[in-house]
$ cat protein-v7.csv   # CSV, C-alpha atoms and all ligand atoms
chain,number,residue,atom,x,y,z
B,1,MET,CA,-14.2,-5.4,27.9
B,2,THR,CA,-12.3,-2.2,27.7
B,3,ALA,CA,-13.5,0.7,29.9
B,4,PRO,CA,-15.0,3.3,27.6
B,5,SER,CA,-12.6,6.0,28.8
B,6,THR,CA,-9.5,4.1,27.6
B,7,SER,CA,-8.4,2.5,24.3
B,8,ARG,CA,-5.9,-0.3,24.0
B,9,ALA,CA,-3.1,0.8,21.6
B,10,TYR,CA,0.0,-1.0,20.2
B,11,ARG,CA,2.6,1.7,20.6
B,12,LEU,CA,6.2,2.5,19.7
B,13,LEU,CA,7.2,3.9,23.1
B,14,ALA,CA,10.9,4.6,22.4
B,15,TRP,CA,13.2,4.4,19.4
B,16,GLU,CA,14.8,1.0,18.8
B,17,GLN,CA,12.7,-0.6,21.4
B,18,PRO,CA,10.0,-3.2,20.7
B,19,PRO,CA,6.4,-1.8,20.7
B,20,ALA,CA,4.0,-2.6,23.5
B,21,LEU,CA,0.2,-2.9,23.9
B,22,VAL,CA,-0.8,-0.3,26.5
B,23,GLU,CA,-3.9,1.5,27.7
B,24,VAL,CA,-4.2,5.1,26.6
B,25,PRO,CA,-7.0,7.7,27.2
B,26,ALA,CA,-9.7,7.3,24.6
B,27,PRO,CA,-9.6,10.0,22.0
B,28,VAL,CA,-12.4,12.5,21.9
B,29,ALA,CA,-13.8,14.0,18.7
B,30,GLY,CA,-13.3,17.8,18.7
B,31,PRO,CA,-14.9,20.2,16.2
B,32,GLY,CA,-14.5,18.9,12.7
B,33,GLN,CA,-13.2,15.5,14.0
B,34,VAL,CA,-14.4,12.0,14.1
B,35,VAL,CA,-13.4,9.0,16.3
B,36,VAL,CA,-13.4,5.7,14.5
B,37,ARG,CA,-13.9,2.3,16.3
B,38,VAL,CA,-11.3,0.2,14.6
B,39,ALA,CA,-12.5,-2.9,12.8
B,40,ALA,CA,-9.1,-3.8,11.6
B,41,CYS,CA,-5.7,-2.4,10.8
B,42,GLY,CA,-3.4,-3.9,8.2
B,43,LEU,CA,0.3,-4.5,9.0
B,44,CYS,CA,3.0,-3.3,6.6
B,45,HIS,CA,6.6,-4.1,6.2
B,46,SER,CA,7.4,-0.4,6.7
B,47,ASP,CA,6.2,-0.8,10.3
B,48,LEU,CA,9.1,-3.3,10.9
B,49,ALA,CA,11.5,-0.6,9.5
B,50,MET,CA,10.0,1.9,12.0
B,51,MET,CA,10.6,-0.4,14.9
B,52,ALA,CA,14.3,-0.6,14.0
B,53,MET,CA,14.6,3.0,13.1
B,54,PRO,CA,17.4,5.0,14.8
B,55,ALA,CA,16.3,8.0,16.8
B,56,ALA,CA,18.2,10.4,14.6
B,57,ILE,CA,16.1,9.5,11.5
B,58,GLY,CA,12.7,9.5,13.3
B,59,ASP,CA,13.4,12.8,15.0
B,60,GLY,CA,14.6,14.2,11.7
B,61,LEU,CA,11.3,13.3,10.1
B,62,GLY,CA,9.5,15.4,12.8
B,63,TRP,CA,7.8,12.3,14.3
B,64,GLN,CA,6.4,12.6,17.9
B,65,ILE,CA,7.3,9.5,19.9
B,66,PRO,CA,5.5,7.6,21.5
B,67,PHE,CA,2.9,7.0,18.9
B,68,THR,CA,0.5,4.1,18.0
B,69,LEU,CA,1.5,2.1,15.0
B,70,GLY,CA,-0.7,1.1,12.1
B,71,HIS,CA,-1.4,3.0,8.9
B,72,GLU,CA,-4.1,0.9,7.2
B,73,SER,CA,-7.3,1.4,9.2
B,74,GLY,CA,-10.9,0.6,8.7
B,75,GLY,CA,-13.8,0.7,11.1
B,76,TRP,CA,-17.1,2.4,12.0
B,77,VAL,CA,-17.7,6.0,13.0
B,78,HIS,CA,-17.9,6.0,16.8
B,79,GLU,CA,-18.2,9.6,17.7
B,80,VAL,CA,-18.8,12.7,15.6
B,81,GLY,CA,-17.5,16.1,16.6
B,82,GLU,CA,-19.3,19.4,16.0
B,83,ASP,CA,-19.4,20.8,12.5
B,84,VAL,CA,-19.0,17.4,10.9
B,85,ASP,CA,-21.3,16.8,7.9
B,86,GLY,CA,-21.7,13.7,5.9
B,87,PHE,CA,-20.8,11.1,8.6
B,88,ALA,CA,-23.0,9.5,11.2
B,89,VAL,CA,-22.3,7.1,14.1
B,90,GLY,CA,-22.1,3.6,12.7
B,91,ASP,CA,-21.0,4.4,9.2
B,92,PRO,CA,-18.4,2.0,7.8
B,93,VAL,CA,-15.2,3.9,6.8
B,94,ALA,CA,-11.6,3.5,5.8
B,95,VAL,CA,-9.0,5.9,6.9
B,96,ALA,CA,-6.2,7.2,4.6
B,97,SER,CA,-3.2,7.5,6.8
B,98,PRO,CA,-0.9,10.2,5.2
B,99,ALA,CA,-1.8,13.7,6.4
B,100,SER,CA,-2.5,16.1,3.5
B,101,CYS,CA,-3.1,19.8,3.9
B,102,GLY,CA,-5.7,20.2,1.2
B,103,ARG,CA,-4.3,23.7,0.3
B,104,CYS,CA,-0.8,23.3,-1.2
B,105,ARG,CA,-0.4,23.1,-5.0
B,106,TRP,CA,0.0,19.3,-4.8
B,107,CYS,CA,-3.2,18.8,-2.8
B,108,ARG,CA,-5.1,21.1,-5.1
B,109,ALA,CA,-4.0,19.0,-8.1
B,110,GLY,CA,-5.0,15.7,-6.3
B,111,GLN,CA,-1.3,14.8,-5.7
B,112,GLU,CA,-1.7,14.4,-2.0
B,113,ASN,CA,1.2,11.9,-2.0
B,114,ALA,CA,3.5,14.9,-2.7
B,115,CYS,CA,2.1,17.1,0.1
B,116,ALA,CA,4.8,18.0,2.6
B,117,SER,CA,2.4,17.1,5.5
B,118,GLY,CA,2.5,13.5,4.4
B,119,LEU,CA,5.9,12.9,6.0
B,120,VAL,CA,3.9,12.5,9.2
B,121,GLY,CA,0.8,10.3,9.2
B,122,ARG,CA,-1.4,8.2,11.4
B,123,GLY,CA,0.8,5.3,12.3
B,124,TYR,CA,4.0,7.0,11.6
B,125,GLY,CA,4.8,9.9,13.7
B,126,ARG,CA,1.4,10.2,15.3
B,127,ASP,CA,-1.3,7.9,16.5
B,128,GLY,CA,-2.4,5.2,14.1
B,129,GLY,CA,-4.9,2.4,13.9
B,130,LEU,CA,-3.5,-0.5,16.0
B,131,ALA,CA,-6.0,0.5,18.7
B,132,ASP,CA,-9.6,0.2,19.8
B,133,LEU,CA,-10.2,3.8,18.8
B,134,LEU,CA,-8.6,6.1,16.2
B,135,LEU,CA,-9.0,9.9,16.0
B,136,VAL,CA,-9.4,11.3,12.5
B,137,ASP,CA,-8.8,15.1,12.7
B,138,ASP,CA,-9.1,15.8,9.0
B,139,LEU,CA,-12.2,14.6,7.2
B,140,ARG,CA,-10.4,14.5,3.9
B,141,SER,CA,-8.9,11.2,5.1
B,142,LEU,CA,-12.2,9.6,6.0
B,143,LEU,CA,-13.4,7.4,3.1
B,144,PRO,CA,-16.8,5.7,3.0
B,145,THR,CA,-16.4,2.0,2.2
B,146,GLY,CA,-19.4,1.7,-0.1
B,147,GLY,CA,-20.8,-1.4,1.7
B,148,LEU,CA,-17.4,-3.1,1.8
B,149,ASP,CA,-16.6,-4.7,5.2
B,150,PRO,CA,-14.4,-2.1,6.9
B,151,ALA,CA,-11.9,-4.8,8.1
B,152,LEU,CA,-11.3,-5.7,4.4
B,153,ALA,CA,-11.2,-2.0,3.4
B,154,ALA,CA,-8.3,-1.4,5.9
B,155,PRO,CA,-5.4,-2.8,3.8
B,156,LEU,CA,-6.8,-1.2,0.7
B,157,THR,CA,-6.0,2.3,2.1
B,158,ASP,CA,-2.2,1.6,1.7
B,159,ALA,CA,-1.3,-1.7,0.0
B,160,GLY,CA,-4.4,-1.5,-2.3
B,161,ALA,CA,-4.1,2.2,-3.1
B,162,THR,CA,-0.4,2.0,-3.7
B,163,SER,CA,-0.9,-0.8,-6.1
B,164,TYR,CA,-3.7,1.1,-7.9
B,165,HIS,CA,-1.4,4.1,-8.2
B,166,ALA,CA,1.3,2.1,-9.9
B,167,VAL,CA,-1.2,0.5,-12.4
B,168,ARG,CA,-2.7,3.9,-13.1
B,169,ARG,CA,0.8,5.2,-14.0
B,170,ILE,CA,1.4,2.5,-16.7
B,171,LEU,CA,-2.1,2.2,-18.1
B,172,PRO,CA,-1.6,4.9,-20.8
B,173,ARG,CA,1.3,2.8,-22.2
B,174,LEU,CA,-0.5,-0.6,-22.1
B,175,ARG,CA,-2.4,-1.6,-25.2
B,176,ASP,CA,-5.3,-4.0,-25.2
B,177,ASP,CA,-3.3,-6.5,-27.2
B,178,GLY,CA,-0.1,-6.0,-25.3
B,179,THR,CA,1.6,-7.6,-22.3
B,180,VAL,CA,2.3,-6.3,-18.8
B,181,VAL,CA,4.8,-8.0,-16.5
B,182,VAL,CA,4.6,-7.8,-12.7
B,183,LEU,CA,7.9,-8.7,-11.0
B,184,GLY,CA,7.1,-10.0,-7.5
B,185,VAL,CA,3.5,-10.9,-6.7
B,186,GLY,CA,3.4,-10.7,-2.9
B,187,GLY,CA,0.9,-8.3,-1.2
B,188,LEU,CA,1.3,-5.4,-3.5
B,189,GLY,CA,2.0,-7.4,-6.7
B,190,GLY,CA,-1.1,-9.5,-6.0
B,191,PHE,CA,-3.3,-6.4,-5.9
B,192,MET,CA,-1.6,-5.1,-9.0
B,193,VAL,CA,-2.5,-8.3,-10.9
B,194,GLN,CA,-6.1,-8.0,-9.8
B,195,ILE,CA,-6.4,-4.3,-10.6
B,196,LEU,CA,-4.8,-4.8,-14.1
B,197,ARG,CA,-7.3,-7.7,-14.7
B,198,ALA,CA,-10.1,-5.4,-13.8
B,199,LEU,CA,-9.0,-2.4,-15.9
B,200,SER,CA,-7.3,-3.9,-19.0
B,201,PRO,CA,-7.7,-6.9,-21.3
B,202,ALA,CA,-3.9,-7.0,-21.8
B,203,ARG,CA,-2.0,-10.2,-21.1
B,204,ILE,CA,-0.5,-10.4,-17.6
B,205,VAL,CA,2.7,-12.2,-16.8
B,206,ALA,CA,3.4,-12.7,-13.1
B,207,VAL,CA,7.0,-13.5,-11.9
B,208,ASP,CA,7.8,-14.7,-8.4
B,209,PRO,CA,10.0,-17.4,-6.9
B,210,ASP,CA,7.2,-18.6,-4.5
B,211,PRO,CA,4.9,-21.3,-6.1
B,212,GLY,CA,2.0,-20.4,-3.7
B,213,ARG,CA,2.1,-16.8,-4.8
B,214,ARG,CA,2.3,-17.8,-8.5
B,215,ALA,CA,-0.8,-19.9,-8.0
B,216,LEU,CA,-2.6,-17.1,-6.3
B,217,ALA,CA,-1.6,-14.7,-9.1
B,218,GLN,CA,-3.2,-17.1,-11.6
B,219,ARG,CA,-6.3,-17.2,-9.6
B,220,TYR,CA,-6.2,-13.3,-9.6
B,221,GLY,CA,-6.1,-13.3,-13.4
B,222,ALA,CA,-2.5,-13.7,-14.5
B,223,ASP,CA,-2.3,-15.3,-17.9
B,224,ALA,CA,1.2,-16.7,-17.4
B,225,VAL,CA,3.6,-17.1,-14.5
B,226,LEU,CA,7.3,-17.5,-14.4
B,227,ASP,CA,9.6,-18.7,-11.6
B,228,GLY,CA,12.0,-15.9,-10.7
B,229,VAL,CA,13.6,-13.4,-10.4
B,230,ARG,CA,17.0,-15.1,-10.7
B,231,ALA,CA,19.8,-15.5,-13.2
B,232,GLY,CA,18.1,-16.7,-16.4
B,233,THR,CA,14.7,-15.1,-15.8
B,234,GLY,CA,15.5,-12.4,-18.3
B,235,ARG,CA,16.0,-15.1,-21.0
B,236,GLU,CA,12.9,-17.0,-20.0
B,237,LEU,CA,10.8,-13.8,-20.0
B,238,GLY,CA,12.2,-12.9,-23.4
B,239,ALA,CA,11.1,-16.2,-24.8
B,240,LEU,CA,7.6,-15.9,-23.2
B,241,LEU,CA,7.1,-12.3,-24.5
B,242,GLY,CA,8.4,-13.0,-28.0
B,243,PRO,CA,9.7,-10.2,-30.3
B,244,ASP,CA,7.0,-7.7,-29.3
B,245,GLY,CA,8.3,-7.4,-25.7
B,246,ALA,CA,6.2,-5.9,-22.8
B,247,ASP,CA,4.3,-2.7,-23.0
B,248,ALA,CA,4.8,-2.2,-19.3
B,249,VAL,CA,6.7,-3.7,-16.4
B,250,LEU,CA,5.9,-3.1,-12.7
B,251,ASP,CA,8.9,-4.0,-10.5
B,252,VAL,CA,7.7,-4.6,-7.0
B,253,VAL,CA,11.1,-6.0,-5.9
B,254,GLY,CA,13.6,-3.4,-7.0
B,255,ILE,CA,16.9,-5.2,-6.9
B,256,ASP,CA,19.6,-4.9,-9.6
B,257,ASP,CA,18.4,-8.1,-11.3
B,258,THR,CA,14.7,-7.2,-11.4
B,259,ILE,CA,15.4,-3.7,-12.7
B,260,ALA,CA,17.8,-5.0,-15.4
B,261,CYS,CA,15.4,-7.8,-16.4
B,262,GLY,CA,12.4,-5.5,-16.5
B,263,VAL,CA,14.0,-2.8,-18.5
B,264,ARG,CA,15.3,-5.3,-21.0
B,265,ALA,CA,11.8,-6.8,-21.5
B,266,LEU,CA,10.3,-3.5,-22.6
B,267,ALA,CA,8.8,-2.9,-26.1
B,268,PRO,CA,9.5,0.4,-27.8
B,269,GLY,CA,7.4,3.0,-26.1
B,270,GLY,CA,7.1,0.8,-23.1
B,271,ALA,CA,6.9,1.9,-19.4
B,272,PHE,CA,8.9,0.6,-16.5
B,273,GLY,CA,7.6,1.4,-13.0
B,274,LEU,CA,10.0,1.0,-10.1
B,275,VAL,CA,7.8,0.3,-7.0
B,276,GLY,CA,10.0,-2.1,-4.9
B,277,ALA,CA,12.2,-0.2,-2.5
B,278,ALA,CA,15.1,-2.8,-2.3
B,279,GLY,CA,17.5,-0.1,-3.4
B,280,GLY,CA,18.7,-1.6,-6.7
B,281,THR,CA,20.5,0.3,-9.4
B,282,LEU,CA,20.4,0.5,-13.1
B,283,ARG,CA,23.7,1.3,-15.0
B,284,LYS,CA,23.1,1.5,-18.7
B,285,PRO,CA,24.3,3.8,-21.4
B,286,TRP,CA,20.9,5.1,-22.6
B,287,TYR,CA,21.6,4.6,-26.3
B,288,GLY,CA,21.0,1.1,-27.6
B,289,THR,CA,20.2,-0.5,-24.3
B,290,LEU,CA,17.2,1.3,-23.0
B,291,PRO,CA,13.8,0.9,-24.8
B,292,ARG,CA,13.3,3.4,-27.5
B,293,ASP,CA,10.7,6.1,-26.8
B,294,GLY,CA,10.3,4.4,-23.4
B,295,GLU,CA,9.4,5.7,-20.0
B,296,LEU,CA,11.0,4.8,-16.6
B,297,PHE,CA,9.1,6.1,-13.6
B,298,THR,CA,9.7,6.3,-9.9
B,299,PHE,CA,7.0,6.1,-7.5
B,300,GLN,CA,5.6,7.4,-4.2
B,301,GLY,CA,2.6,5.9,-2.4
B,302,SER,CA,-0.9,6.9,-3.5
B,303,ASP,CA,-3.3,9.8,-3.4
B,304,LEU,CA,-6.9,10.0,-2.1
B,305,ALA,CA,-8.4,9.3,-5.6
B,306,ASP,CA,-6.4,6.0,-5.7
B,307,ALA,CA,-7.8,5.0,-2.3
B,308,ARG,CA,-11.4,5.8,-3.4
B,309,ALA,CA,-11.0,4.0,-6.7
B,310,VAL,CA,-9.6,0.8,-5.1
B,311,LEU,CA,-12.3,0.8,-2.5
B,312,GLU,CA,-14.9,1.1,-5.2
B,313,LEU,CA,-13.4,-1.9,-7.1
B,314,ALA,CA,-13.5,-4.0,-4.0
B,315,ALA,CA,-17.0,-2.9,-3.1
B,316,ALA,CA,-18.1,-3.9,-6.6
B,317,GLY,CA,-16.7,-7.4,-6.1
B,318,ARG,CA,-13.9,-6.9,-8.7
B,319,LEU,CA,-11.0,-7.1,-6.2
B,320,ALA,CA,-10.6,-9.8,-3.6
B,321,VAL,CA,-8.9,-8.9,-0.3
B,322,ASP,CA,-7.4,-12.1,1.1
B,323,VAL,CA,-6.4,-11.5,4.7
B,324,VAL,CA,-4.8,-13.4,7.6
B,325,ARG,CA,-6.3,-12.3,10.9
B,326,PHE,CA,-4.8,-11.7,14.4
B,327,PRO,CA,-6.4,-10.2,17.5
B,328,LEU,CA,-5.0,-6.9,18.8
B,329,ASP,CA,-3.5,-8.6,21.9
B,330,GLU,CA,-1.4,-10.8,19.6
B,331,ALA,CA,-0.1,-7.8,17.6
B,332,ALA,CA,3.5,-8.8,18.4
B,333,ASP,CA,2.9,-12.3,17.1
B,334,ALA,CA,1.3,-10.8,14.0
B,335,TYR,CA,4.5,-8.7,13.3
B,336,ALA,CA,6.6,-11.8,13.9
B,337,ALA,CA,4.6,-13.6,11.3
B,338,LEU,CA,5.0,-10.7,8.9
B,339,ALA,CA,8.7,-10.6,9.4
B,340,ALA,CA,8.9,-14.4,8.8
B,341,GLY,CA,7.1,-14.0,5.5
B,342,GLY,CA,5.4,-16.6,3.3
B,343,LEU,CA,1.9,-15.3,4.1
B,344,GLU,CA,-0.8,-15.7,1.5
B,345,GLY,CA,-2.9,-12.7,2.3
B,346,ARG,CA,-2.5,-9.3,3.9
B,347,LEU,CA,-2.1,-9.4,7.7
B,348,ILE,CA,-4.8,-7.6,9.6
B,349,VAL,CA,-5.1,-7.1,13.3
B,350,GLU,CA,-8.6,-6.8,14.8
B,351,PRO,CA,-9.2,-5.1,18.2
B,401,ZN,ZN,2.6,0.8,4.4
B,402,ZN,ZN,-0.9,19.7,0.7

$ encode --input "protein-v7.csv" --output "structure tokens" --more "lines below"
Ligand SMILES: [Zn+2]
Ligand SMILES: [Zn+2]
Amino acid sequence: MTAPSTSRAYRLLAWEQPPALVEVPAPVAGPGQVVVRVAACGLCHSDLAMMAMPAAIGDGLGWQIPFTLGHESGGWVHEVGEDVDGFAVGDPVAVASPASCGRCRWCRAGQENACASGLVGRGYGRDGGLADLLLVDDLRSLLPTGGLDPALAAPLTDAGATSYHAVRRILPRLRDDGTVVVLGVGGLGGFMVQILRALSPARIVAVDPDPGRRALAQRYGADAVLDGVRAGTGRELGALLGPDGADAVLDVVGIDDTIACGVRALAPGGAFGLVGAAGGTLRKPWYGTLPRDGELFTFQGSDLADARAVLELAAAGRLAVDVVRFPLDEAADAYAALAAGGLEGRLIVEP
């Protein structure tokens, strides 16, 4: 048992050094603050990038090191500070990690993902959820789980909400009798297939080189799957789509090949959303090669409305959260498993 005055935390102690599980003083809820007892924290590939990040970049982002990793947290309200309404000890909650000020023009419009405060968040630049206890100092970020197990709610705050955001962007272009293509159906792409299935009757085509992921995508509601993306996928996709093409493509990979293949598959008026951060490029003269009347959009995380909506879908049983569980004292092994890949489910670490 952990002594009540301390919390175990998996922390990045110095740049370019492996993180370590250490004991830290337990956070205390000040006025307007809540301490959450963590049920689970999801692991994200961006954590691996943080562990390898050079000091110049981390410092440039204004991050305070050391900090506790983990930006997909769920748990139960453990302590409530003064002047906190609407939350009581024991409530199941999820925590949105990006900070948002609530006052700037982006926050006022519900675009918290554009708030300048979001460059620092719980788990990147300040203490996150890979710990027994997590301090939430802005109640905007505390989201009721609506009866959903908070351990399953954890990965929805980032992976789920990000996927919801992407689907929300293309929905206006997706007709009920149309087709949407998801390129890459790992963690995010799997959520996208499920969210699309819940929100649209359109045909869903899932493209992935991994047979296990393709099978999972079919279980999640994909109508057709294709082995890819590689040379030849564009042609196979074209044959599958027929002359109408795709109303929308979500590219969760983002290499040259997926971008080219996705853009080529679009119907007139179609939308291509670039979500994958692999750094691919598109070089096309716009006339004659890009979809007529089409839309290409870029992408950044999610806002609080996305997180609430995706939690609601899961609480209503319309979105499955498949997880692979590790205990907190095996966090290093969990990250090694994440780096090795091939997991069929979101990795969560449970204190
Ligand atoms: Zn993430
Ligand atoms: Zn703001």

$ residues_around --input "protein-v7.csv" --residues "stretch 182-199 of chain B" --least-positions-apart "6" --cutoff "8 Å" --atoms "all atoms listed in the file" --output "ChimeraX atom specification"
/B:159-160,162-164,166-167,205-209,213-214,216-217,220-222,229,249-253,258,262,318-320,344-346

$ atom_distance --input "protein-v7.csv" --atom1 "atom CA of B:Gly288" --atom2 "atom CA of B:Ala265"
13.6 Å

$ closest_residue --input "protein-v7.csv" --among "B:Gly129, B:Gly110, B:Gly60, B:Pro98" --to "B:Arg11" --atoms "all atoms listed in the file"
B:Gly129

$ closest_residue --input "protein-v7.csv" --among "B:Trp63, B:Trp15, B:Phe272, B:Tyr124" --to "ligand ZN 401 (chain B)" --atoms "all atoms listed in the file"
B:Tyr124

$ atom_distance --input "protein-v7.csv" --atom1 "atom CA of B:Pro351" --atom2 "atom CA of B:Ala131"
6.5 Å

$ residues_around --input "protein-v7.csv" --residues "stretch 73-75 of chain B" --least-positions-apart "4" --cutoff "10 Å" --atoms "all atoms listed in the file" --output "number ranges by chain"
B: 35-43, 90-97, 122-123, 128-134, 142-145, 149-158, 348-350

$ residues_near_ligand --input "protein-v7.csv" --ligand "ligand ZN 402 (chain B)" --cutoff "7 Å" --atoms "only C-alpha atoms and all ligand atoms" --output "PDB file with C-alpha atoms, keeping the file's coordinate frame"
ATOM      1  CA  SER B 100      -2.500  16.100   3.500  1.00  0.00           C
ATOM      2  CA  CYS B 101      -3.100  19.800   3.900  1.00  0.00           C
ATOM      3  CA  GLY B 102      -5.700  20.200   1.200  1.00  0.00           C
ATOM      4  CA  ARG B 103      -4.300  23.700   0.300  1.00  0.00           C
ATOM      5  CA  CYS B 104      -0.800  23.300  -1.200  1.00  0.00           C
ATOM      6  CA  ARG B 105      -0.400  23.100  -5.000  1.00  0.00           C
ATOM      7  CA  TRP B 106       0.000  19.300  -4.800  1.00  0.00           C
ATOM      8  CA  CYS B 107      -3.200  18.800  -2.800  1.00  0.00           C
ATOM      9  CA  GLU B 112      -1.700  14.400  -2.000  1.00  0.00           C
ATOM     10  CA  CYS B 115       2.100  17.100   0.100  1.00  0.00           C
ATOM     11  CA  ALA B 116       4.800  18.000   2.600  1.00  0.00           C
ATOM     12  CA  SER B 117       2.400  17.100   5.500  1.00  0.00           C
TER      13      SER B 117
END

$ decode --input "protein-v7.csv" --residues "stretch 217-292 of chain B" --atoms "C-alpha atoms" --output "PDB file, in the first residue's frame"
ATOM      1  CA  ALA B 217     -12.221  -3.044 -38.266  1.00  0.00           C
ATOM      2  CA  GLN B 218     -14.829  -5.405 -39.701  1.00  0.00           C
ATOM      3  CA  ARG B 219     -16.023  -6.237 -36.222  1.00  0.00           C
ATOM      4  CA  TYR B 220     -16.277  -2.466 -35.591  1.00  0.00           C
ATOM      5  CA  GLY B 221     -18.534  -2.051 -38.616  1.00  0.00           C
ATOM      6  CA  ALA B 222     -16.326  -1.629 -41.698  1.00  0.00           C
ATOM      7  CA  ASP B 223     -18.182  -2.879 -44.790  1.00  0.00           C
ATOM      8  CA  ALA B 224     -15.039  -3.674 -46.763  1.00  0.00           C
ATOM      9  CA  VAL B 225     -11.354  -4.004 -45.981  1.00  0.00           C
ATOM     10  CA  LEU B 226      -8.271  -3.718 -48.151  1.00  0.00           C
ATOM     11  CA  ASP B 227      -4.678  -4.806 -47.548  1.00  0.00           C
ATOM     12  CA  GLY B 228      -2.477  -1.711 -47.766  1.00  0.00           C
ATOM     13  CA  VAL B 229      -1.222   0.928 -48.063  1.00  0.00           C
ATOM     14  CA  ARG B 230       1.425  -0.044 -50.622  1.00  0.00           C
ATOM     15  CA  ALA B 231       2.069   0.238 -54.347  1.00  0.00           C
ATOM     16  CA  GLY B 232      -1.109  -0.911 -56.015  1.00  0.00           C
ATOM     17  CA  THR B 233      -3.487   0.021 -53.210  1.00  0.00           C
ATOM     18  CA  GLY B 234      -4.694   3.063 -55.154  1.00  0.00           C
ATOM     19  CA  ARG B 235      -5.753   0.857 -58.049  1.00  0.00           C
ATOM     20  CA  GLU B 236      -7.451  -1.716 -55.795  1.00  0.00           C
ATOM     21  CA  LEU B 237      -9.211   1.049 -53.931  1.00  0.00           C
ATOM     22  CA  GLY B 238     -10.340   2.594 -57.198  1.00  0.00           C
ATOM     23  CA  ALA B 239     -11.843  -0.756 -58.288  1.00  0.00           C
ATOM     24  CA  LEU B 240     -13.608  -1.149 -54.954  1.00  0.00           C
ATOM     25  CA  LEU B 241     -15.029   2.373 -54.994  1.00  0.00           C
ATOM     26  CA  GLY B 242     -16.185   2.338 -58.599  1.00  0.00           C
ATOM     27  CA  PRO B 243     -16.762   5.491 -60.625  1.00  0.00           C
ATOM     28  CA  ASP B 244     -18.379   7.418 -57.762  1.00  0.00           C
ATOM     29  CA  GLY B 245     -15.226   7.512 -55.645  1.00  0.00           C
ATOM     30  CA  ALA B 246     -15.182   8.317 -51.940  1.00  0.00           C
ATOM     31  CA  ASP B 247     -17.075  11.164 -50.316  1.00  0.00           C
ATOM     32  CA  ALA B 248     -14.400  11.312 -47.639  1.00  0.00           C
ATOM     33  CA  VAL B 249     -11.001   9.870 -46.766  1.00  0.00           C
ATOM     34  CA  LEU B 250      -9.382   9.968 -43.344  1.00  0.00           C
ATOM     35  CA  ASP B 251      -5.657   9.348 -43.573  1.00  0.00           C
ATOM     36  CA  VAL B 252      -4.378   8.184 -40.196  1.00  0.00           C
ATOM     37  CA  VAL B 253      -0.956   7.297 -41.628  1.00  0.00           C
ATOM     38  CA  GLY B 254       0.164  10.428 -43.471  1.00  0.00           C
ATOM     39  CA  ILE B 255       2.998   9.176 -45.699  1.00  0.00           C
ATOM     40  CA  ASP B 256       3.391  10.240 -49.354  1.00  0.00           C
ATOM     41  CA  ASP B 257       1.662   7.063 -50.575  1.00  0.00           C
ATOM     42  CA  THR B 258      -1.411   7.324 -48.345  1.00  0.00           C
ATOM     43  CA  ILE B 259      -1.886  11.007 -49.098  1.00  0.00           C
ATOM     44  CA  ALA B 260      -1.624  10.459 -52.856  1.00  0.00           C
ATOM     45  CA  CYS B 261      -3.877   7.400 -52.735  1.00  0.00           C
ATOM     46  CA  GLY B 262      -6.466   9.125 -50.538  1.00  0.00           C
ATOM     47  CA  VAL B 263      -6.677  12.293 -52.597  1.00  0.00           C
ATOM     48  CA  ARG B 264      -6.963  10.291 -55.814  1.00  0.00           C
ATOM     49  CA  ALA B 265      -9.878   8.287 -54.396  1.00  0.00           C
ATOM     50  CA  LEU B 266     -12.060  11.335 -53.723  1.00  0.00           C
ATOM     51  CA  ALA B 267     -15.363  12.044 -55.429  1.00  0.00           C
ATOM     52  CA  PRO B 268     -16.118  15.562 -56.638  1.00  0.00           C
ATOM     53  CA  GLY B 269     -16.953  17.553 -53.527  1.00  0.00           C
ATOM     54  CA  GLY B 270     -15.144  15.038 -51.358  1.00  0.00           C
ATOM     55  CA  ALA B 271     -13.084  15.740 -48.253  1.00  0.00           C
ATOM     56  CA  PHE B 272      -9.618  14.475 -47.381  1.00  0.00           C
ATOM     57  CA  GLY B 273      -8.563  14.739 -43.751  1.00  0.00           C
ATOM     58  CA  LEU B 274      -4.881  14.378 -42.898  1.00  0.00           C
ATOM     59  CA  VAL B 275      -4.594  13.040 -39.357  1.00  0.00           C
ATOM     60  CA  GLY B 276      -1.454  10.868 -39.439  1.00  0.00           C
ATOM     61  CA  ALA B 277       1.659  12.790 -38.523  1.00  0.00           C
ATOM     62  CA  ALA B 278       4.198  10.793 -40.554  1.00  0.00           C
ATOM     63  CA  GLY B 279       5.218  13.949 -42.415  1.00  0.00           C
ATOM     64  CA  GLY B 280       4.255  12.969 -45.961  1.00  0.00           C
ATOM     65  CA  THR B 281       3.873  15.501 -48.757  1.00  0.00           C
ATOM     66  CA  LEU B 282       1.473  16.060 -51.611  1.00  0.00           C
ATOM     67  CA  ARG B 283       2.822  17.583 -54.815  1.00  0.00           C
ATOM     68  CA  LYS B 284       0.106  18.083 -57.379  1.00  0.00           C
ATOM     69  CA  PRO B 285      -0.833  20.846 -59.739  1.00  0.00           C
ATOM     70  CA  TRP B 286      -4.316  21.639 -58.483  1.00  0.00           C
ATOM     71  CA  TYR B 287      -5.996  21.642 -61.879  1.00  0.00           C
ATOM     72  CA  GLY B 288      -7.041  18.251 -63.184  1.00  0.00           C
ATOM     73  CA  THR B 289      -5.470  16.208 -60.389  1.00  0.00           C
ATOM     74  CA  LEU B 290      -7.216  17.335 -57.214  1.00  0.00           C
ATOM     75  CA  PRO B 291     -10.918  16.540 -56.661  1.00  0.00           C
ATOM     76  CA  ARG B 292     -13.212  19.161 -58.076  1.00  0.00           C
TER      77      ARG B 292
END
